[in-house]
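Okay, so here's the structure we're looking at.
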Amino acid sequence: MAQKTGAGVRAVVRVIREPAFVGMTPRRREVCWDFGVPAREAPFAVVDGLRVELRAGWILLVTGPSGSGKSSVLAALAEEVGAVRWVGRGRFAEDRAIVDAVAPRRELRTALEILTACGLGEPRLWLRRYGDLSDGEKFRAALARAVGEAMSSCKRVPILCDEFASVLHRRAAKAMAYNLRKLVTREGLILVVATAHEDIIEDLRPDKILRLGGTDASVADTGVMGRAISLQRRMVIEPGGVADYRHFAPMHYRHRDGLGFVDRVFLMRERPSAEPLGIIVFAHAPLELAMRNWCTCGRFVRNGRRLNRELRILRRLVMHPDIRGCGLGHWFVRQTLPRAGVRFVECLATMGAVNPVFERAGMTRVGRGPMPRGRVALLERLNQWKLDPFSDEFERQVGRCPRVRALVEKTVRDWVRVARGDASYRARVRQGGELARAFRQIIGEPPVYYLWDREREYPRGDLDRHDPSARVVRRRVRDRHDPR
């Protein structure tokens, strides 16, 4: 049996293959006669007495050609260790969303981090059932569940994954390997993967590699490898246009929102003329925002000309699902901020509460804006009417009930006017389902506000959202200047 230590386990692995004998048939006899091979193969050792050490924060990669015994080694290792988490074993509940099956006893933020690291970084996929996913998505979901189980366990048990990323596009496999390396190191997990694809080694950065298929199987150190994902070295950034966003719109969780008055668009490609893997849209900003007024000391209050000359809003950052979470997003933002052509760039990001991509890109996280006036009363009224905005019945009520539609129309229209500076939004001509979907996207927590100043003069003041004096300053600026 394996020897358990404070930092992991040590195991001695022995795999002896003894092919089964099947009865002689005329064809078997003819093959043996013509090619001179024996009817029964002699037993042979895949590994014999191989010492394997697994430590917290380590990744062991078992690699070799097809048929070299990778699956047998994983099975023998699991038998020696005892308690392990296998990827792909166990059933998903048919009536539960994927997000409910990953680390259910941990907070939501942890589950989303695991899903993103395993290649499921799209909110729409988090809400799907396992049976509704593609084969590649099912593998990622199974990996995320196994990782979540290991993180929720009081002891760090090894996570075993056979045929690692074999069903994925190689670009997606490299990105997932890179993300898993970060997660394993940060959480002190133990991961053992088996694959015949060695193109992931640079990004997976395993601590040990067991190579099979040669004359002598042995575990070797990998040495020091690069810290950035290998794809980054080949990435190029090119100017784009609004038409390019059509390709990325379905990949964004708020793809029905408009882009406003677009100023500049940039695309990220793996090489010139290749498929675009990312897009950034810079647009003209709304005239007044409370957080902007506060952190710039009222620099743009009632000064549309200065605002138009000095500031843009980062309206969209969309990355291809294959490469999300591997650091290319904040690299893309960092490279394009100086190309926006203005001194200031701001951003309002709901995902900022989960993913610090804009902070890593060099933008300053100012914090969440205040809850819009009347939002609490609005939610209380919906509760009195016994309406759930996320139910199918809500869409029907918006289409049939005049008082519900009037409330939804006003909420959406006010939000569009304040957030985008678009007073021409005609809510009355929208279908009930379209209005209901827009309403759902704006009734939650306010987005996180970010600001980038090329000259690093702003934002000013104490940015701690819990500082009472800061709240007083924000309230004074808001009441004095913000039309809300």
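Identifiers for the structure tokens are assigned positionally: chains receive A, B, ... in sequence, residues are indexed from 1 per chain, and ligands are indexed from 1 in the order shown.
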
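Around segment 123-137 of chain A, within 9 Å and counting only C-alpha atoms, the residues found are Phe92, Ala93, Glu94, Asp95, Arg96, Ala97, Ile98, Val99, Asp100, Leu112, Leu115, Gly119, Leu120, Gly121, Phe139, Arg140, Ala141, Ala142, Ala165, Ser166, Val167, Leu168, His169, His252 and Tyr253 of chain A, once anything fewer than 2 positions away on its own chain is removed.
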
Take the residues from that selection and write them out as a PDB file, in the first residue's frame, keeping N, CA and C atoms.
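What follows is the written file part.pdb:
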ATOM      1  N   PHE A  92     -24.143  12.538 -13.227  1.00  0.00           N
ATOM      2  CA  PHE A  92     -24.666  13.871 -12.930  1.00  0.00           C
ATOM      3  C   PHE A  92     -26.185  13.772 -12.802  1.00  0.00           C
ATOM      4  N   ALA A  93     -26.746  14.471 -11.841  1.00  0.00           N
ATOM      5  CA  ALA A  93     -28.202  14.508 -11.694  1.00  0.00           C
ATOM      6  C   ALA A  93     -28.825  15.181 -12.916  1.00  0.00           C
ATOM      7  N   GLU A  94     -29.851  14.580 -13.440  1.00  0.00           N
ATOM      8  CA  GLU A  94     -30.478  15.103 -14.661  1.00  0.00           C
ATOM      9  C   GLU A  94     -31.258  16.387 -14.425  1.00  0.00           C
ATOM     10  N   ASP A  95     -31.656  16.648 -13.172  1.00  0.00           N
ATOM     11  CA  ASP A  95     -32.476  17.817 -12.897  1.00  0.00           C
ATOM     12  C   ASP A  95     -31.685  18.955 -12.250  1.00  0.00           C
ATOM     13  N   ARG A  96     -30.359  18.918 -12.339  1.00  0.00           N
ATOM     14  CA  ARG A  96     -29.537  19.953 -11.724  1.00  0.00           C
ATOM     15  C   ARG A  96     -28.649  20.600 -12.764  1.00  0.00           C
ATOM     16  N   ALA A  97     -28.413  21.901 -12.580  1.00  0.00           N
ATOM     17  CA  ALA A  97     -27.491  22.616 -13.455  1.00  0.00           C
ATOM     18  C   ALA A  97     -26.057  22.263 -13.097  1.00  0.00           C
ATOM     19  N   ILE A  98     -25.170  22.442 -14.046  1.00  0.00           N
ATOM     20  CA  ILE A  98     -23.758  22.135 -13.823  1.00  0.00           C
ATOM     21  C   ILE A  98     -23.207  22.919 -12.644  1.00  0.00           C
ATOM     22  N   VAL A  99     -23.609  24.182 -12.514  1.00  0.00           N
ATOM     23  CA  VAL A  99     -23.078  25.014 -11.436  1.00  0.00           C
ATOM     24  C   VAL A  99     -23.470  24.469 -10.059  1.00  0.00           C
ATOM     25  N   ASP A 100     -24.573  23.729  -9.974  1.00  0.00           N
ATOM     26  CA  ASP A 100     -25.001  23.142  -8.702  1.00  0.00           C
ATOM     27  C   ASP A 100     -24.283  21.832  -8.393  1.00  0.00           C
ATOM     28  N   LEU A 112     -17.319  28.890  -9.587  1.00  0.00           N
ATOM     29  CA  LEU A 112     -17.081  29.568 -10.867  1.00  0.00           C
ATOM     30  C   LEU A 112     -15.602  29.560 -11.228  1.00  0.00           C
ATOM     31  N   LEU A 115     -14.923  26.022 -12.574  1.00  0.00           N
ATOM     32  CA  LEU A 115     -15.503  25.858 -13.909  1.00  0.00           C
ATOM     33  C   LEU A 115     -14.678  26.585 -14.964  1.00  0.00           C
ATOM     34  N   GLY A 119     -12.250  25.129 -18.289  1.00  0.00           N
ATOM     35  CA  GLY A 119     -12.658  25.443 -19.656  1.00  0.00           C
ATOM     36  C   GLY A 119     -14.123  25.748 -19.840  1.00  0.00           C
ATOM     37  N   LEU A 120     -14.882  25.873 -18.754  1.00  0.00           N
ATOM     38  CA  LEU A 120     -16.299  26.246 -18.846  1.00  0.00           C
ATOM     39  C   LEU A 120     -16.457  27.637 -18.243  1.00  0.00           C
ATOM     40  N   GLY A 121     -16.078  28.646 -19.010  1.00  0.00           N
ATOM     41  CA  GLY A 121     -16.098  30.015 -18.510  1.00  0.00           C
ATOM     42  C   GLY A 121     -17.291  30.825 -18.950  1.00  0.00           C
ATOM     43  N   PHE A 139     -16.644  16.516 -20.800  1.00  0.00           N
ATOM     44  CA  PHE A 139     -15.352  16.223 -20.174  1.00  0.00           C
ATOM     45  C   PHE A 139     -14.952  17.344 -19.216  1.00  0.00           C
ATOM     46  N   ARG A 140     -15.128  18.579 -19.629  1.00  0.00           N
ATOM     47  CA  ARG A 140     -14.763  19.706 -18.773  1.00  0.00           C
ATOM     48  C   ARG A 140     -15.610  19.734 -17.509  1.00  0.00           C
ATOM     49  N   ALA A 141     -16.904  19.442 -17.650  1.00  0.00           N
ATOM     50  CA  ALA A 141     -17.785  19.428 -16.484  1.00  0.00           C
ATOM     51  C   ALA A 141     -17.392  18.315 -15.518  1.00  0.00           C
ATOM     52  N   ALA A 142     -17.057  17.136 -16.047  1.00  0.00           N
ATOM     53  CA  ALA A 142     -16.636  16.029 -15.188  1.00  0.00           C
ATOM     54  C   ALA A 142     -15.332  16.370 -14.471  1.00  0.00           C
ATOM     55  N   ALA A 165      -7.963  15.696 -21.910  1.00  0.00           N
ATOM     56  CA  ALA A 165      -8.174  16.678 -22.984  1.00  0.00           C
ATOM     57  C   ALA A 165      -8.087  16.069 -24.375  1.00  0.00           C
ATOM     58  N   SER A 166      -8.266  14.758 -24.493  1.00  0.00           N
ATOM     59  CA  SER A 166      -8.135  14.136 -25.819  1.00  0.00           C
ATOM     60  C   SER A 166      -9.284  14.513 -26.753  1.00  0.00           C
ATOM     61  N   VAL A 167     -10.440  14.908 -26.202  1.00  0.00           N
ATOM     62  CA  VAL A 167     -11.592  15.254 -27.052  1.00  0.00           C
ATOM     63  C   VAL A 167     -11.652  16.751 -27.345  1.00  0.00           C
ATOM     64  N   LEU A 168     -10.674  17.515 -26.898  1.00  0.00           N
ATOM     65  CA  LEU A 168     -10.696  18.972 -27.062  1.00  0.00           C
ATOM     66  C   LEU A 168      -9.844  19.419 -28.235  1.00  0.00           C
ATOM     67  N   HIS A 169     -10.211  20.565 -28.795  1.00  0.00           N
ATOM     68  CA  HIS A 169      -9.340  21.254 -29.739  1.00  0.00           C
ATOM     69  C   HIS A 169      -8.009  21.519 -29.039  1.00  0.00           C
ATOM     70  N   HIS A 252     -20.900  36.222 -25.639  1.00  0.00           N
ATOM     71  CA  HIS A 252     -20.982  37.094 -24.470  1.00  0.00           C
ATOM     72  C   HIS A 252     -22.314  36.883 -23.773  1.00  0.00           C
ATOM     73  N   TYR A 253     -22.277  36.837 -22.442  1.00  0.00           N
ATOM     74  CA  TYR A 253     -23.499  36.539 -21.688  1.00  0.00           C
ATOM     75  C   TYR A 253     -24.542  37.639 -21.804  1.00  0.00           C
TER      76      TYR A 253
END

### Test item: residues at most 6 Å from segment 337-349 of chain A, only C-alpha atoms, excluding those fewer than 4 positions along its chain, as number ranges by chain
A: 310-314, 447-454

Given the selection you just returned, output its residues as a file containing C-alpha atoms, formatted as a compact mmCIF listing (two decimals), in the first residue's frame.
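Below is the file that was written, selection.txt:
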# COMPACT_ATOMS: atom_id res chain seq x y z
CA GLU A 310 -10.38 62.61 -22.98
CA LEU A 311 -12.36 59.48 -22.07
CA ARG A 312 -13.73 56.27 -23.60
CA ILE A 313 -15.56 53.35 -22.04
CA LEU A 314 -14.41 49.78 -22.59
CA PRO A 447 -21.34 46.42 -11.85
CA VAL A 448 -17.79 47.11 -10.69
CA TYR A 449 -16.35 50.42 -11.90
CA TYR A 450 -12.74 50.58 -13.20
CA LEU A 451 -10.68 53.55 -14.37
CA TRP A 452 -7.38 53.77 -16.26
CA ASP A 453 -5.50 57.07 -16.42
CA ARG A 454 -2.52 57.20 -18.75

### Message
If DSSP is run on the backbone, what residues of segment 55-224 of chain A are strand (DSSP E or B)? A reply as a PyMOL selection string would be ideal.
### Response
chain A and resi 55+58-63+85-86+159-161+190-195+208-211+218-221

### Task
Go ahead and compute the interatomic distance for atom CA of Val318 of chain A and atom CA of Ile279 of chain A, in Å to one decimal.
5.4 Å
